[in-house]
Amino acid sequence: MEAMRAWNIPFDPHLTFILAADARLGGTDYCDDQIWELAMAGGDPPALAVQTTFGLRAYKVRLFPRFFAGDEERIDPAEFASPPVVHQFAPNFLRLSCRPFEDIDVHMEYWVPQSQVLAGRIRVTNRSTEPTSLRLEWIGQLTPTEGERMAPAEIKAAPVLAGSSGSLQPVVFLSGGPQADSSSYPALRLNLDMAPQEQRQFTWVHAALPEREASFDLARSTAARNWEAECARVEMFNTGQVEIYTGNPDWDLAFALAQKTAYGLFAGPTEHLPAPSFVLSRLPDQGFSLRGNGSDYNFLWSGQPSLEAYYLASLLLPAATGLIKGILRNFLSTQDESGMVDWKPSLSGQTSRVMAAPVLASLAWQIHLADPDREFLSGVFPALLKFLFAWFSPEHDQDGDGIPEWDNPMQAGLEDIPTFTHWNEWSQGIDIGTTESPALCAFLVKECESLLNIAAELGQEEGVAEIQEIAARLRAAVEETWQEETFSYHYRDRDTHLTPQSEFLGQRAGPGTISLHRQFDRPVRLQCHIRTSGESTRRPQIFVHGSSASGSHRVERITEERFKWYLGVGSFTGDRVYTAIEEVEIQGLDPADQITLTSVGLDGQDHSLLLPLWAGIPSAGRARELVERTICDPLRYWHPYGIPACPYPPPQPEALGPRSVSMLWNSLIGEGLVRYGFRDEAVELFNRLMAAVLQNIKQEGSFRRLYHADRGEGYGERSALHGLPPLGLFLQILGIQQLAPNRVQVCGFNPFPWPVTVKYRGMTVLCQKEKTMVIFPDGQTAVVRDPGPHVVTLETEAAAGG
């Protein structure tokens with residue numbers, strides 16, 4: 001059996017590793033998920049400590065070793081004779097070695113078998129030629145929110161450390177007959193008299209349940225488990241990952257940590273979803289539901305969003321086809337009779353009541369390419385077809401022109417875009433449902449493309465003609481939004497199909513009337529912002545008197561339900577358009593409240609407007625204009641650390657979202673560059689993304705949710721899905737388009753400055769400047785010297801005999 005990849009990651013005081021129960025091995029508890037972090041340095045005292053907060057049920061829990069030899073003491077790894085070196089890691093497992101003293105080797109393993117248990121094994125070896133006496137202490141520190149600090153105790157005649165915090169009664173157990181000690185730190189102590197070359201091994205367990213005796217029983221039973229068998233099981237589930245060896249070891253580590261982090265985001269299943277789902281980050285402060293059902297979790301844990309699911313698949317395919325199939329099944333389990341699939345189904349049973357972004361057929365096709373399975377495609381095709389058609393219902397295509405609209409900026413991944421976000425002073429807060437988006441059209445075109453591929457694979461003719469007609473209509477609509485002045489696609493108004501600029505119309509304080517008496521050359525849509533003077537609830541009503549696009553007089557009533565509020569600022573977007581506005585009557589405000597009226601402006605640009613490249617919509621000539629005049633313009637999108645959300649962000653320094661680099665969106669744009677043959681540009685973009693990733697790993701020891709486009713600094717949640725380096729894009733740039741144990745599709749040669757070796761389940765692909773070599777597990781070798789594309793397949797005995 002293959003082994004997990006071996007590493008020798010040197011001591012780095014910034015580097016941390018998250019350890020949590022692995023959903024592939026069972027034992028995850030969505031509502032009581034105790035997540036640990038191994039820190040190589042720091043703390044009080046500085047130590048090699050694994051730590052948590054029990055999801056904020058404690059201020060801090062730390063477990064760490066202390067070593068004594070004679071009068072010498074070692075607790076700070078920076079003072080060890082040889083500081084810790086990490087050799088293997090997985091979502092729920094880590095192995096390292098160190099030498100606290102010369103000639104004393106220590107190997108340590110950490111393992112999370114289930115959400116309420118952390119276990120470890122310590123192996124101490126005397127490498128000297130003389131007998132030696134050591135003292136090993138396993139220290140437990142607990143700073144409770146309410147309860148008792150960790151202290152020596154005895155349970156069922158066994159010495160332990162025990163404490164309490166919140167609803168938990170944690171217990172620390174150590175094998176080998178320890179003594180409990182509380183002289184300087186609460187610890188379990190072992191006195192070791194060791195002969196030359198002698199080796200001693202011990203197991204410790206931390207368990208935290210609501211009852212102390214139950215915690216003890218769980219800890220002791222975990223210590224009695226067959227450690228070697230459990231390690232073999234962990235290895236079995238982690239040997240199938242894609243291993244990448246480049247000329248840059250920092251890249252290699254970042255790719256491996258990204259896969260570890262991605263696998264570690266899974267939890268469940270529960271009775272509400274048929275398969276394990278994922279969260280957007282998994283950190284020690286997370287994982288506890290006070291309500292006990294997960295309904296109180298914030299957006300990071302409240303469901304699996306569809307765009308993020310697609311990005312997660314690009315990180316884990318081809319290795320994790322079972323998990324990704326499960327994610328797709330979770331989405332389709334929410335489908336109703338209309339074909340609607342929920343955007344964010346949750347392990348708690350909550351739903352968003354918003355349509356999933358149209359990436360599900362694309363996800364299904366990527367699964368099939370990674371692991372061909374016609375039965376799987378046949379099972380999901382009807383639901384995916386129904387899902388596509390649901391996007392063109394009156395609910396999602398309000399003007400009935402065959403071009404749907406988004407329901408919500410978060411559904412579209414555009415919550416930080418100034419055009420649509422409503423919780424910042426520098427944003428317009430336009431209702432995204434009043435616009436038509438090139439990105440939504442691009443996603444739908446890609447869905448059509450994937451459905452046509454699935455239909456062809458299945459020999460299915462149902463719906464093919466309609467799918468082709470939809471795709472053609474969407475492509476034409478996207479092309480209509482192109483503007484030669486900006487070399488870009490643009491949003492357009494849902495009803496007028498225009499891309500207007502915003503214009504100030506009027507303002508006043510308190511209730512009353514704003515008289516405009518304005519005629520407009522082109523129909524406009526009204527945007528209103530209210531800034532309240534106090535904290536009391538407002539119930540505004542607004543009446544707009546004007547003329548419709550057809551010239552008929554109308555009075556539009558905007559009720560309080562139409563407003564979106566955040567920190568005393570309310571905004572609404574009119575549902576109608578006007579060729580003239582006589583006056584706007586305002587009711588329900590306090591005298592000091594400020595109201596501002598503008599017309600909606602849709603000329604703002606953001607990274608989603610580049611997505612037609614990913615969907616293959618523009619002609620080759622237009623794609624070149626988009627790449628050379630827009631994407632690669634350093635005054636617009638081509639920034640030192642990647643493509644920012646907006647080329648022209650608001651001037652306010654706090655407007656970080658528009659200046660941020662999203663790995664998800666950059667990955668899609670990068671795939672578009674590869675699709676149109678701009679591989680050199682894709683390489684440069686990827687280099688810039690990796691520069692941001694590596695800067696944060698070196699400075700903070702972790703990934704970040706977003707990265708600043710000009711400075712590279714990370715912000716947002718640590719170890720978040722959004723901030724993981726785009727492994728799928730790297731493989732595409734490298735020319736590896738499909739990867740399976742017995743088959744690989746290659747196209748082009750390695751454009752990076754060093755050879756790259758990719759290993760997957762016994763197969764090795766060596767990518768060089770002028771050739772690609774494929775070595776299958778049985779030793780068969782193929783050399784590709786032509787850019788291709790080529791599909792290289794393992795020749796079986798049956799095929800050879802035939």
# chains A, B, ... in the order shown; residues from 1 in each chain; ligands from 1

$ residues_around --residues "Leu315 of chain A" --least-positions-apart "2" --cutoff "9 Å" --atoms "only C-alpha atoms" --output "NGL selection string"
:A and (258-259 or 262 or 311-313 or 317-318 or 724-729)

$ write_last_selection --atoms "N, CA, C and O atoms" --output "PDB file, in the first residue's frame"
ATOM      1  N   ALA A 258      -3.190  23.044   1.081  1.00  0.00           N
ATOM      2  CA  ALA A 258      -4.505  23.395   0.525  1.00  0.00           C
ATOM      3  C   ALA A 258      -5.410  22.171   0.475  1.00  0.00           C
ATOM      4  O   ALA A 258      -6.602  22.246   0.828  1.00  0.00           O
ATOM      5  N   GLN A 259      -4.866  21.023   0.040  1.00  0.00           N
ATOM      6  CA  GLN A 259      -5.684  19.811  -0.006  1.00  0.00           C
ATOM      7  C   GLN A 259      -6.058  19.358   1.407  1.00  0.00           C
ATOM      8  O   GLN A 259      -7.202  18.954   1.656  1.00  0.00           O
ATOM      9  N   ALA A 262      -8.779  21.647   2.587  1.00  0.00           N
ATOM     10  CA  ALA A 262     -10.040  21.400   1.876  1.00  0.00           C
ATOM     11  C   ALA A 262     -10.731  20.147   2.398  1.00  0.00           C
ATOM     12  O   ALA A 262     -11.946  20.147   2.653  1.00  0.00           O
ATOM     13  N   TYR A 311     -15.636  25.542  -6.563  1.00  0.00           N
ATOM     14  CA  TYR A 311     -14.210  25.797  -6.327  1.00  0.00           C
ATOM     15  C   TYR A 311     -13.593  24.683  -5.496  1.00  0.00           C
ATOM     16  O   TYR A 311     -12.466  24.234  -5.768  1.00  0.00           O
ATOM     17  N   LEU A 312     -14.306  24.190  -4.496  1.00  0.00           N
ATOM     18  CA  LEU A 312     -13.812  23.089  -3.679  1.00  0.00           C
ATOM     19  C   LEU A 312     -13.536  21.864  -4.547  1.00  0.00           C
ATOM     20  O   LEU A 312     -12.519  21.173  -4.356  1.00  0.00           O
ATOM     21  N   ALA A 313     -14.405  21.612  -5.504  1.00  0.00           N
ATOM     22  CA  ALA A 313     -14.192  20.471  -6.403  1.00  0.00           C
ATOM     23  C   ALA A 313     -12.910  20.629  -7.205  1.00  0.00           C
ATOM     24  O   ALA A 313     -12.188  19.650  -7.446  1.00  0.00           O
ATOM     25  N   LEU A 317     -10.724  17.286  -6.882  1.00  0.00           N
ATOM     26  CA  LEU A 317     -10.789  16.315  -7.970  1.00  0.00           C
ATOM     27  C   LEU A 317      -9.406  16.183  -8.600  1.00  0.00           C
ATOM     28  O   LEU A 317      -8.664  17.158  -8.671  1.00  0.00           O
ATOM     29  N   PRO A 318      -9.060  14.973  -9.028  1.00  0.00           N
ATOM     30  CA  PRO A 318      -9.880  13.764  -9.172  1.00  0.00           C
ATOM     31  C   PRO A 318      -9.947  12.881  -7.937  1.00  0.00           C
ATOM     32  O   PRO A 318     -10.641  11.866  -7.946  1.00  0.00           O
ATOM     33  N   LEU A 724      -7.630  29.390  -0.475  1.00  0.00           N
ATOM     34  CA  LEU A 724      -6.727  28.288  -0.813  1.00  0.00           C
ATOM     35  C   LEU A 724      -6.216  28.446  -2.242  1.00  0.00           C
ATOM     36  O   LEU A 724      -6.960  28.842  -3.140  1.00  0.00           O
ATOM     37  N   PRO A 725      -4.945  28.133  -2.480  1.00  0.00           N
ATOM     38  CA  PRO A 725      -4.387  28.303  -3.826  1.00  0.00           C
ATOM     39  C   PRO A 725      -5.094  27.391  -4.827  1.00  0.00           C
ATOM     40  O   PRO A 725      -5.400  26.237  -4.518  1.00  0.00           O
ATOM     41  N   PRO A 726      -5.358  27.886  -6.046  1.00  0.00           N
ATOM     42  CA  PRO A 726      -6.183  27.155  -7.019  1.00  0.00           C
ATOM     43  C   PRO A 726      -5.429  26.015  -7.698  1.00  0.00           C
ATOM     44  O   PRO A 726      -4.887  26.155  -8.789  1.00  0.00           O
ATOM     45  N   LEU A 727      -5.431  24.869  -7.058  1.00  0.00           N
ATOM     46  CA  LEU A 727      -4.707  23.702  -7.556  1.00  0.00           C
ATOM     47  C   LEU A 727      -5.218  23.264  -8.926  1.00  0.00           C
ATOM     48  O   LEU A 727      -4.439  22.883  -9.806  1.00  0.00           O
ATOM     49  N   GLY A 728      -6.532  23.303  -9.117  1.00  0.00           N
ATOM     50  CA  GLY A 728      -7.087  22.895 -10.412  1.00  0.00           C
ATOM     51  C   GLY A 728      -6.582  23.764 -11.546  1.00  0.00           C
ATOM     52  O   GLY A 728      -6.283  23.270 -12.637  1.00  0.00           O
ATOM     53  N   LEU A 729      -6.482  25.071 -11.301  1.00  0.00           N
ATOM     54  CA  LEU A 729      -5.944  25.976 -12.323  1.00  0.00           C
ATOM     55  C   LEU A 729      -4.492  25.630 -12.620  1.00  0.00           C
ATOM     56  O   LEU A 729      -4.075  25.636 -13.785  1.00  0.00           O
TER      57      LEU A 729
END

$ residues_around --residues "Gln605 of chain A" --least-positions-apart "4" --cutoff "8 Å" --atoms "only C-alpha atoms" --output "mmCIF file with N, CA, C and O atoms, in the first residue's frame"
data_model
loop_
_atom_site.group_PDB
_atom_site.id
_atom_site.type_symbol
_atom_site.label_atom_id
_atom_site.label_comp_id
_atom_site.auth_asym_id
_atom_site.auth_seq_id
_atom_site.Cartn_x
_atom_site.Cartn_y
_atom_site.Cartn_z
ATOM 1 N N HIS A 490 -20.461 44.601 -19.679
ATOM 2 C CA HIS A 490 -21.040 45.449 -18.640
ATOM 3 C C HIS A 490 -22.394 44.901 -18.189
ATOM 4 O O HIS A 490 -23.065 44.166 -18.916
ATOM 5 N N LEU A 609 -17.289 40.505 -14.640
ATOM 6 C CA LEU A 609 -17.504 40.880 -16.041
ATOM 7 C C LEU A 609 -16.462 40.252 -16.967
ATOM 8 O O LEU A 609 -16.575 40.366 -18.188
ATOM 9 N N CYS A 646 -12.399 44.816 -8.097
ATOM 10 C CA CYS A 646 -12.781 45.985 -8.896
ATOM 11 C C CYS A 646 -11.526 46.673 -9.438
ATOM 12 O O CYS A 646 -10.566 46.882 -8.688
ATOM 13 N N PRO A 647 -11.548 47.061 -10.702
ATOM 14 C CA PRO A 647 -10.385 47.776 -11.243
ATOM 15 C C PRO A 647 -10.307 49.217 -10.750
ATOM 16 O O PRO A 647 -9.222 49.800 -10.708
ATOM 17 N N TYR A 648 -11.450 49.798 -10.409
ATOM 18 C CA TYR A 648 -11.489 51.173 -9.918
ATOM 19 C C TYR A 648 -12.218 51.182 -8.564
ATOM 20 O O TYR A 648 -13.379 51.564 -8.474
#

$ residues_around --residues "Asp633 of chain A" --least-positions-apart "5" --cutoff "12 Å" --atoms "only C-alpha atoms" --output "ChimeraX atom specification"
/A:486-487,625-628,638-640,642-643,647,681

$ atom_distance --atom1 "atom CA of His422 of chain A" --atom2 "atom CA of Asp593 of chain A"
17.7 Å

$ residues_around --residues "segment 344-356 of chain A" --least-positions-apart "6" --cutoff "7 Å" --atoms "only C-alpha atoms" --output "mmCIF file with N, CA and C atoms, in the first residue's frame"
data_model
loop_
_atom_site.group_PDB
_atom_site.id
_atom_site.type_symbol
_atom_site.label_atom_id
_atom_site.label_comp_id
_atom_site.auth_asym_id
_atom_site.auth_seq_id
_atom_site.Cartn_x
_atom_site.Cartn_y
_atom_site.Cartn_z
ATOM 1 N N GLY A 268 -20.413 16.049 8.843
ATOM 2 C CA GLY A 268 -21.671 15.352 8.583
ATOM 3 C C GLY A 268 -21.440 13.962 8.015
ATOM 4 N N PRO A 269 -22.517 13.370 7.454
ATOM 5 C CA PRO A 269 -23.844 13.951 7.206
ATOM 6 C C PRO A 269 -24.707 14.012 8.467
ATOM 7 N N THR A 270 -25.858 14.666 8.328
ATOM 8 C CA THR A 270 -26.887 14.664 9.362
ATOM 9 C C THR A 270 -28.184 14.177 8.733
ATOM 10 N N HIS A 272 -30.458 15.900 7.827
ATOM 11 C CA HIS A 272 -30.984 16.916 6.917
ATOM 12 C C HIS A 272 -30.360 16.858 5.525
ATOM 13 N N LEU A 273 -29.205 16.242 5.388
ATOM 14 C CA LEU A 273 -28.547 16.111 4.088
ATOM 15 C C LEU A 273 -28.048 14.688 3.933
ATOM 16 N N SER A 277 -21.289 17.457 4.109
ATOM 17 C CA SER A 277 -21.269 18.789 3.527
ATOM 18 C C SER A 277 -19.964 19.465 3.943
ATOM 19 N N ASN A 293 -28.474 22.667 17.410
ATOM 20 C CA ASN A 293 -28.900 22.137 16.108
ATOM 21 C C ASN A 293 -28.208 22.817 14.920
ATOM 22 N N GLY A 294 -27.333 23.788 15.195
ATOM 23 C CA GLY A 294 -26.610 24.474 14.116
ATOM 24 C C GLY A 294 -27.341 25.644 13.515
ATOM 25 N N SER A 295 -28.563 25.904 13.940
ATOM 26 C CA SER A 295 -29.333 26.999 13.338
ATOM 27 C C SER A 295 -28.802 28.370 13.737
ATOM 28 N N SER A 302 -23.173 27.891 7.876
ATOM 29 C CA SER A 302 -24.630 27.747 7.726
ATOM 30 C C SER A 302 -25.052 27.119 6.405
ATOM 31 N N GLY A 303 -24.156 26.409 5.730
ATOM 32 C CA GLY A 303 -24.547 25.723 4.509
ATOM 33 C C GLY A 303 -23.441 25.700 3.475
ATOM 34 N N GLN A 304 -23.666 24.925 2.410
ATOM 35 C CA GLN A 304 -22.689 24.751 1.336
ATOM 36 C C GLN A 304 -23.105 25.607 0.135
ATOM 37 N N PRO A 305 -22.483 26.779 -0.075
ATOM 38 C CA PRO A 305 -22.855 27.620 -1.219
ATOM 39 C C PRO A 305 -22.391 26.978 -2.525
ATOM 40 N N SER A 306 -23.117 27.258 -3.585
ATOM 41 C CA SER A 306 -22.868 26.547 -4.845
ATOM 42 C C SER A 306 -21.570 26.954 -5.524
ATOM 43 N N PHE A 331 -27.207 19.172 -2.898
ATOM 44 C CA PHE A 331 -27.940 20.226 -3.615
ATOM 45 C C PHE A 331 -29.231 19.673 -4.211
ATOM 46 N N ASP A 407 -30.768 36.749 -7.878
ATOM 47 C CA ASP A 407 -31.683 37.089 -6.780
ATOM 48 C C ASP A 407 -30.979 37.870 -5.678
ATOM 49 N N GLN A 411 -25.489 35.097 -3.540
ATOM 50 C CA GLN A 411 -25.710 33.979 -4.456
ATOM 51 C C GLN A 411 -24.733 34.040 -5.622
#

$ residues_around --residues "Phe64 of chain A" --least-positions-apart "3" --cutoff "6 Å" --atoms "only C-alpha atoms" --output "list in words"
Leu48, Ala49, Trp138 and Ile139 of chain A

$ select_by_dssp --residues "segment 405-640 of chain A" --states "alpha helix (DSSP H)" --output "PyMOL selection string"
chain A and resi 438-458+464-480+612-615+620-625

$ residues_around --residues "Asp397 of chain A" --least-positions-apart "5" --cutoff "12 Å" --atoms "only C-alpha atoms" --output "list of chain:residue names"
A:Phe389, A:Ala390, A:Trp391, A:Phe392, A:Gly402, A:Ile403, A:Pro404, A:Glu405, A:Trp406, A:Asp407, A:Gly433, A:Thr434, A:Thr435, A:Glu436, A:Ser437, A:Leu440, A:Cys441, A:Arg494, A:Asp495

$ closest_atom_pairs --of "segment 172-265 of chain A" --to "segment 742-762 of chain A" --cutoff "9 Å" --atoms "only C-alpha atoms" --output "tab-separated table"
residue	atom	partner	partner_atom	distance
A:Thr239	CA	A:Arg761	CA	7.3
A:Gly240	CA	A:Arg761	CA	5.4
A:Gln241	CA	A:Tyr760	CA	6.5
A:Val242	CA	A:Tyr760	CA	5.0
A:Glu243	CA	A:Lys759	CA	5.0
A:Ile244	CA	A:Val758	CA	4.7
A:Tyr245	CA	A:Thr757	CA	5.0
A:Thr246	CA	A:Val756	CA	4.6
A:Gly247	CA	A:Trp754	CA	5.3
A:Asn248	CA	A:Trp754	CA	8.4

$ select_by_dssp --residues "segment 256-390 of chain A" --states "strand (DSSP E)" --output "list in words"
Phe266, Ala267, Ser277 and Phe278 of chain A

$ residues_around --residues "Cys231 of chain A" --least-positions-apart "3" --cutoff "12 Å" --atoms "only C-alpha atoms" --output "PyMOL selection string"
chain A and resi 3-4+25+88-90+92-95+109-113+119-121+225-228+234-238

$ closest_residue --among "A:Pro131, A:Gly70, A:Gly26, A:Pro83" --to "Ala47 of chain A" --atoms "only C-alpha atoms"
A:Pro83

$ closest_residue --among "A:Tyr491, A:Phe54, A:Ala219, A:Ile514" --to "Gly287 of chain A" --atoms "only C-alpha atoms"
A:Phe54
